[in-house]
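Below is one structure, written out as structure tokens, with a few remarks after it.
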Amino acid sequence: AQLERADADIAAYTAGTAGEVKVASFATAIGLLVAPAVGRLKDKEPGIRVRVLDAEGDQSLTMVLDGVVDLAVAVEYRGAPAETDRRLSRIPLYSEPFDVVLPREHPLAEREVTVADLHGETWIGPYPGNPCHDVIALACEHAGFTPGFAHSSDDFSAVVALAAAGVGVAMVPRLALRGPDLSDVVIRPIPGPERRVFAAVRHGAERHPLLVPLLDALRDVAATLRHPA
């Protein structure tokens, strides 16, 4: 942290806001958060070049700690570095609930749904290791069962398409449902599970003049996700 703060101070006095920043983020956040933030930054700080790498939340934090990237947009997951981990500084961005995705003719499609109602269903979802898989599995464990994943994909558009084909049910973060075709599925809110999204940098680097404007832009865009127009 001392080295990162020293680097930030030196950069503030020398290079100013000109240089390259590498960002690792999971795909949904790239589209909804990172890309709009980079667009804002181009107008306000044209000297800052941002390189974006697609990486799941469990990969991006390791990439920050290893110095591969400067900033990660990540999610909470089992096994993630704790909020008290002194190697990282976290900046909360937004949280979102999960919704149940059901085939249109499913018996549960016409009423409110809880996680417990999905006991015994065939499941579609992300691969083990994906943070969303952990959230779904933990929610089902709390409801007293283990979900049986028959179909696996880390692409939520594919997950929705499989549900539309009637081969199973899924739980998907709400913002990830903005892109897929939902015409042949029914979406039901479900109480409990949520995806918490945050930015992370090496401890002390949050003062770096190349990172401060980007973090500000990420916060600004995240505020629109928390309070959509």
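Just so we're on the same page: first chain in the structure tokens is A, next is B, and so on; residues restart at 1 for each chain, and ligands are numbered from 1 in the order they show up.
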
Write out as JSON lines a residue-level contact list of region 92-197 of chain A versus region 35-58 of chain A with cut-off 12 Å: for each qualifying residue the closest pair of atoms and the distance in Å to one decimal, counting only C-alpha atoms, rows sorted by chain and residue number upward.
```
{"residue": "A:Pro126", "atom": "CA", "partner": "A:Glu56", "partner_atom": "CA", "distance": 11.2}
{"residue": "A:Tyr127", "atom": "CA", "partner": "A:Glu56", "partner_atom": "CA", "distance": 11.3}
{"residue": "A:Pro128", "atom": "CA", "partner": "A:Asp58", "partner_atom": "CA", "distance": 11.1}
{"residue": "A:Gly129", "atom": "CA", "partner": "A:Asp58", "partner_atom": "CA", "distance": 7.5}
{"residue": "A:Asn130", "atom": "CA", "partner": "A:Glu56", "partner_atom": "CA", "distance": 6.8}
{"residue": "A:Pro131", "atom": "CA", "partner": "A:Gly57", "partner_atom": "CA", "distance": 6.6}
{"residue": "A:Cys132", "atom": "CA", "partner": "A:Gly57", "partner_atom": "CA", "distance": 9.3}
{"residue": "A:His133", "atom": "CA", "partner": "A:Asp58", "partner_atom": "CA", "distance": 11.5}
{"residue": "A:Asp134", "atom": "CA", "partner": "A:Asp58", "partner_atom": "CA", "distance": 10.8}
{"residue": "A:Asp154", "atom": "CA", "partner": "A:Glu56", "partner_atom": "CA", "distance": 9.4}
{"residue": "A:Asp155", "atom": "CA", "partner": "A:Glu56", "partner_atom": "CA", "distance": 11.5}
{"residue": "A:Arg195", "atom": "CA", "partner": "A:Gly57", "partner_atom": "CA", "distance": 11.0}
{"residue": "A:Arg196", "atom": "CA", "partner": "A:Gly57", "partner_atom": "CA", "distance": 10.8}
{"residue": "A:Val197", "atom": "CA", "partner": "A:Gly57", "partner_atom": "CA", "distance": 9.1}
```

Deliver the residues from the most recent selection as a file, using C-alpha atoms, as a PDB file, in the first residue's frame.
```pdb
ATOM      1  CA  PRO A 126     -23.383 -20.754 -14.856  1.00  0.00           C
ATOM      2  CA  TYR A 127     -20.515 -23.172 -14.414  1.00  0.00           C
ATOM      3  CA  PRO A 128     -19.114 -23.860 -10.929  1.00  0.00           C
ATOM      4  CA  GLY A 129     -16.534 -21.178 -10.155  1.00  0.00           C
ATOM      5  CA  ASN A 130     -18.648 -18.428 -11.651  1.00  0.00           C
ATOM      6  CA  PRO A 131     -19.661 -16.134  -8.753  1.00  0.00           C
ATOM      7  CA  CYS A 132     -23.309 -16.272  -9.840  1.00  0.00           C
ATOM      8  CA  HIS A 133     -23.231 -20.062  -9.541  1.00  0.00           C
ATOM      9  CA  ASP A 134     -22.141 -19.616  -5.928  1.00  0.00           C
ATOM     10  CA  ASP A 154     -21.795 -18.467 -18.428  1.00  0.00           C
ATOM     11  CA  ASP A 155     -23.688 -16.566 -21.153  1.00  0.00           C
ATOM     12  CA  ARG A 195     -25.227  -9.763  -6.781  1.00  0.00           C
ATOM     13  CA  ARG A 196     -23.075  -7.103  -5.106  1.00  0.00           C
ATOM     14  CA  VAL A 197     -20.756  -5.332  -7.547  1.00  0.00           C
TER      15      VAL A 197
END
```

request  = Pick out the closest residue to Ala143 (chain A) from this set: A:Pro193, A:Leu88, A:Val186, A:Val172. Count only C-alpha atoms.
outcome  =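 Counting only C-alpha atoms, the residue closest to Ala143 (chain A) is A:Pro193.
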
ask   = Hey, which of A:Leu3, A:Leu177, A:Val68, A:Leu61 ends up closest to Ser25 (chain A)? Count only C-alpha atoms.
value =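 Closest candidate: A:Leu61.
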
request  = Select from region 71-217 of chain A everything DSSP, run on the backbone, classes as strand (DSSP E or B), then give the selection as a ChimeraX atom specification.
outcome  = /A:71-75,88-103,122-125,148-152,169-173,185-202

Dump as a compact mmCIF listing (two decimals), in the first residue's frame, selection limited to N, CA and C atoms:
```
# COMPACT_ATOMS: atom_id res chain seq x y z
N LEU A 71 -7.39 -2.17 -12.20
CA LEU A 71 -8.70 -2.06 -11.55
C LEU A 71 -9.56 -3.25 -11.96
N ALA A 72 -10.32 -3.76 -11.02
CA ALA A 72 -11.26 -4.84 -11.31
C ALA A 72 -12.67 -4.38 -10.98
N VAL A 73 -13.62 -4.77 -11.81
CA VAL A 73 -15.03 -4.67 -11.46
C VAL A 73 -15.46 -6.10 -11.17
N ALA A 74 -15.78 -6.36 -9.92
CA ALA A 74 -15.97 -7.73 -9.47
C ALA A 74 -17.25 -7.86 -8.66
N VAL A 75 -17.55 -9.09 -8.27
CA VAL A 75 -18.73 -9.37 -7.45
C VAL A 75 -18.30 -10.19 -6.25
N LEU A 88 -6.28 -4.75 -0.80
CA LEU A 88 -7.21 -4.17 -1.76
C LEU A 88 -8.00 -3.02 -1.13
N SER A 89 -8.34 -2.05 -1.97
CA SER A 89 -9.33 -1.04 -1.61
C SER A 89 -10.57 -1.29 -2.47
N ARG A 90 -11.72 -1.35 -1.81
CA ARG A 90 -12.98 -1.63 -2.50
C ARG A 90 -13.82 -0.37 -2.58
N ILE A 91 -14.49 -0.21 -3.70
CA ILE A 91 -15.41 0.91 -3.91
C ILE A 91 -16.76 0.30 -4.30
N PRO A 92 -17.75 0.30 -3.40
CA PRO A 92 -19.06 -0.27 -3.74
C PRO A 92 -19.69 0.48 -4.92
N LEU A 93 -20.30 -0.27 -5.83
CA LEU A 93 -20.92 0.33 -7.01
C LEU A 93 -22.44 0.15 -7.01
N TYR A 94 -22.90 -1.09 -7.03
CA TYR A 94 -24.34 -1.32 -7.00
C TYR A 94 -24.60 -2.77 -6.61
N SER A 95 -25.83 -3.04 -6.23
CA SER A 95 -26.26 -4.42 -6.01
C SER A 95 -27.55 -4.63 -6.79
N GLU A 96 -27.78 -5.87 -7.18
CA GLU A 96 -28.98 -6.18 -7.96
C GLU A 96 -29.54 -7.52 -7.51
N PRO A 97 -30.87 -7.64 -7.50
CA PRO A 97 -31.48 -8.92 -7.15
C PRO A 97 -31.39 -9.91 -8.30
N PHE A 98 -31.67 -11.15 -8.00
CA PHE A 98 -31.82 -12.18 -9.02
C PHE A 98 -33.31 -12.37 -9.31
N ASP A 99 -33.62 -12.68 -10.55
CA ASP A 99 -34.99 -13.02 -10.95
C ASP A 99 -35.02 -14.47 -11.43
N VAL A 100 -36.15 -15.11 -11.26
CA VAL A 100 -36.34 -16.46 -11.78
C VAL A 100 -36.80 -16.37 -13.23
N VAL A 101 -36.19 -17.18 -14.08
CA VAL A 101 -36.58 -17.26 -15.49
C VAL A 101 -37.26 -18.61 -15.69
N LEU A 102 -38.52 -18.57 -16.11
CA LEU A 102 -39.33 -19.77 -16.25
C LEU A 102 -39.80 -19.93 -17.69
N PRO A 103 -39.91 -21.17 -18.19
CA PRO A 103 -40.60 -21.37 -19.47
C PRO A 103 -42.02 -20.82 -19.38
N THR A 122 -35.36 -28.90 -12.81
CA THR A 122 -34.14 -28.99 -13.61
C THR A 122 -33.59 -27.58 -13.79
N TRP A 123 -32.29 -27.42 -13.56
CA TRP A 123 -31.71 -26.07 -13.53
C TRP A 123 -30.80 -25.79 -14.72
N ILE A 124 -30.79 -24.52 -15.11
CA ILE A 124 -29.86 -23.99 -16.10
C ILE A 124 -29.07 -22.89 -15.40
N GLY A 125 -27.76 -22.88 -15.55
CA GLY A 125 -27.01 -21.83 -14.86
C GLY A 125 -25.55 -21.80 -15.20
N GLY A 148 -30.07 -28.98 -9.07
CA GLY A 148 -29.51 -29.93 -10.04
C GLY A 148 -29.31 -29.26 -11.37
N PHE A 149 -28.06 -28.87 -11.66
CA PHE A 149 -27.76 -28.16 -12.92
C PHE A 149 -27.58 -29.18 -14.04
N ALA A 150 -28.54 -29.22 -14.96
CA ALA A 150 -28.44 -30.11 -16.12
C ALA A 150 -27.82 -29.40 -17.31
N HIS A 151 -27.90 -28.07 -17.36
CA HIS A 151 -27.40 -27.28 -18.49
C HIS A 151 -26.55 -26.14 -17.93
N SER A 152 -25.37 -25.92 -18.51
CA SER A 152 -24.45 -24.92 -17.98
C SER A 152 -23.97 -23.98 -19.07
N VAL A 169 -35.28 -24.28 -15.45
CA VAL A 169 -35.48 -22.95 -14.87
C VAL A 169 -34.12 -22.36 -14.54
N ALA A 170 -34.10 -21.05 -14.30
CA ALA A 170 -32.83 -20.38 -14.02
C ALA A 170 -33.07 -19.21 -13.08
N MET A 171 -31.99 -18.79 -12.43
CA MET A 171 -31.98 -17.54 -11.68
C MET A 171 -30.90 -16.67 -12.29
N VAL A 172 -31.27 -15.44 -12.68
CA VAL A 172 -30.36 -14.57 -13.42
C VAL A 172 -30.35 -13.19 -12.77
N PRO A 173 -29.18 -12.56 -12.63
CA PRO A 173 -29.15 -11.18 -12.12
C PRO A 173 -30.01 -10.28 -12.99
N VAL A 185 -40.27 -16.45 -22.30
CA VAL A 185 -40.07 -16.82 -20.90
C VAL A 185 -40.90 -15.90 -20.01
N VAL A 186 -41.05 -16.30 -18.76
CA VAL A 186 -41.71 -15.48 -17.75
C VAL A 186 -40.67 -15.15 -16.68
N ILE A 187 -40.60 -13.88 -16.31
CA ILE A 187 -39.64 -13.43 -15.30
C ILE A 187 -40.40 -13.15 -14.01
N ARG A 188 -39.92 -13.72 -12.91
CA ARG A 188 -40.53 -13.49 -11.62
C ARG A 188 -39.45 -13.05 -10.61
N PRO A 189 -39.70 -11.95 -9.89
CA PRO A 189 -38.75 -11.56 -8.84
C PRO A 189 -38.71 -12.61 -7.75
N ILE A 190 -37.57 -12.74 -7.12
CA ILE A 190 -37.43 -13.75 -6.07
C ILE A 190 -36.72 -13.12 -4.88
N PRO A 191 -37.26 -13.24 -3.68
CA PRO A 191 -36.62 -12.60 -2.53
C PRO A 191 -35.34 -13.32 -2.12
N GLY A 192 -34.38 -12.54 -1.68
CA GLY A 192 -33.18 -13.14 -1.10
C GLY A 192 -31.89 -12.86 -1.83
N PRO A 193 -31.54 -13.68 -2.84
CA PRO A 193 -30.20 -13.58 -3.42
C PRO A 193 -29.99 -12.28 -4.18
N GLU A 194 -28.77 -11.78 -4.15
CA GLU A 194 -28.42 -10.58 -4.91
C GLU A 194 -26.95 -10.64 -5.30
N ARG A 195 -26.62 -9.88 -6.32
CA ARG A 195 -25.23 -9.76 -6.78
C ARG A 195 -24.71 -8.39 -6.39
N ARG A 196 -23.68 -8.36 -5.55
CA ARG A 196 -23.07 -7.10 -5.11
C ARG A 196 -21.83 -6.83 -5.94
N VAL A 197 -21.81 -5.69 -6.61
CA VAL A 197 -20.76 -5.33 -7.55
C VAL A 197 -19.92 -4.20 -6.96
N PHE A 198 -18.61 -4.33 -7.08
CA PHE A 198 -17.71 -3.31 -6.55
C PHE A 198 -16.48 -3.18 -7.45
N ALA A 199 -15.82 -2.05 -7.35
CA ALA A 199 -14.52 -1.87 -7.98
C ALA A 199 -13.44 -2.15 -6.95
N ALA A 200 -12.31 -2.65 -7.40
CA ALA A 200 -11.21 -2.94 -6.49
C ALA A 200 -9.89 -2.53 -7.15
N VAL A 201 -9.04 -1.91 -6.36
CA VAL A 201 -7.68 -1.55 -6.79
C VAL A 201 -6.73 -1.97 -5.68
N ARG A 202 -5.45 -2.05 -6.01
CA ARG A 202 -4.48 -2.33 -4.96
C ARG A 202 -4.51 -1.22 -3.92
```

Polymer residues at most 6 Å from Gly204 (chain A), only C-alpha atoms, same-chain spacing of 2 or more positions, as a PyMOL selection string = chain A and resi 1+4-5+206

ask   = In terms of the shortest atom-to-atom distance over only C-alpha atoms, which of A:Leu218, A:Val69, A:Ala161, A:Ile30 is closest to Asp184 (chain A)?
value =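 The shortest atom-to-atom distance to Asp184 (chain A) comes from A:Ala161.
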
task = Can you pull out every residue within 7 Å of Leu210 (chain A), counting only C-alpha atoms, but drop anything in the same chain fewer than 4 positions away, and send it as a PyMOL selection string?
result = chain A and resi 17-19+21+48

ask   = Mind pulling up the distance from CA of Asp7 (chain A) to CA of Arg207 (chain A)?
value =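 So the two atoms, CA of Arg207 (chain A) and CA of Asp7 (chain A), lie 9.3 Å apart.
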
query = When distances are computed from only C-alpha atoms, which of A:Val167, A:Leu175, A:Glu83, A:Asp70 shows the smallest separation from Val212 (chain A)?
reply = A:Asp70

ask   = region 132-176 of chain A: which residues are alpha helix (DSSP H) by DSSP, as a list in words?
value = Cys132, His133, Asp134, Val135, Ile136, Ala137, Leu138, Ala139, Cys140, Glu141, His142, Phe156, Ser157, Ala158, Val159, Val160, Ala161, Leu162, Ala163 and Ala164 of chain A

ask   = So, counting only C-alpha atoms, which residue among A:Phe145, A:Ile136, A:Arg104, A:Asp85 is closest to Leu182 (chain A)?
value =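 The shortest atom-to-atom distance to Leu182 (chain A) comes from A:Arg104.
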
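In this comparison, which uses only C-alpha atoms, the residue of A:Asp216, A:Glu20, A:Glu141, A:Glu105 approaching Leu118 (chain A) most closely is A:Glu141.
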
ask   = Which distance in Å separates CA of Gly166 (chain A) and CA of His106 (chain A), to one decimal?
value =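 Pair CA of Gly166 (chain A) / CA of His106 (chain A) returns 8.2 Å.
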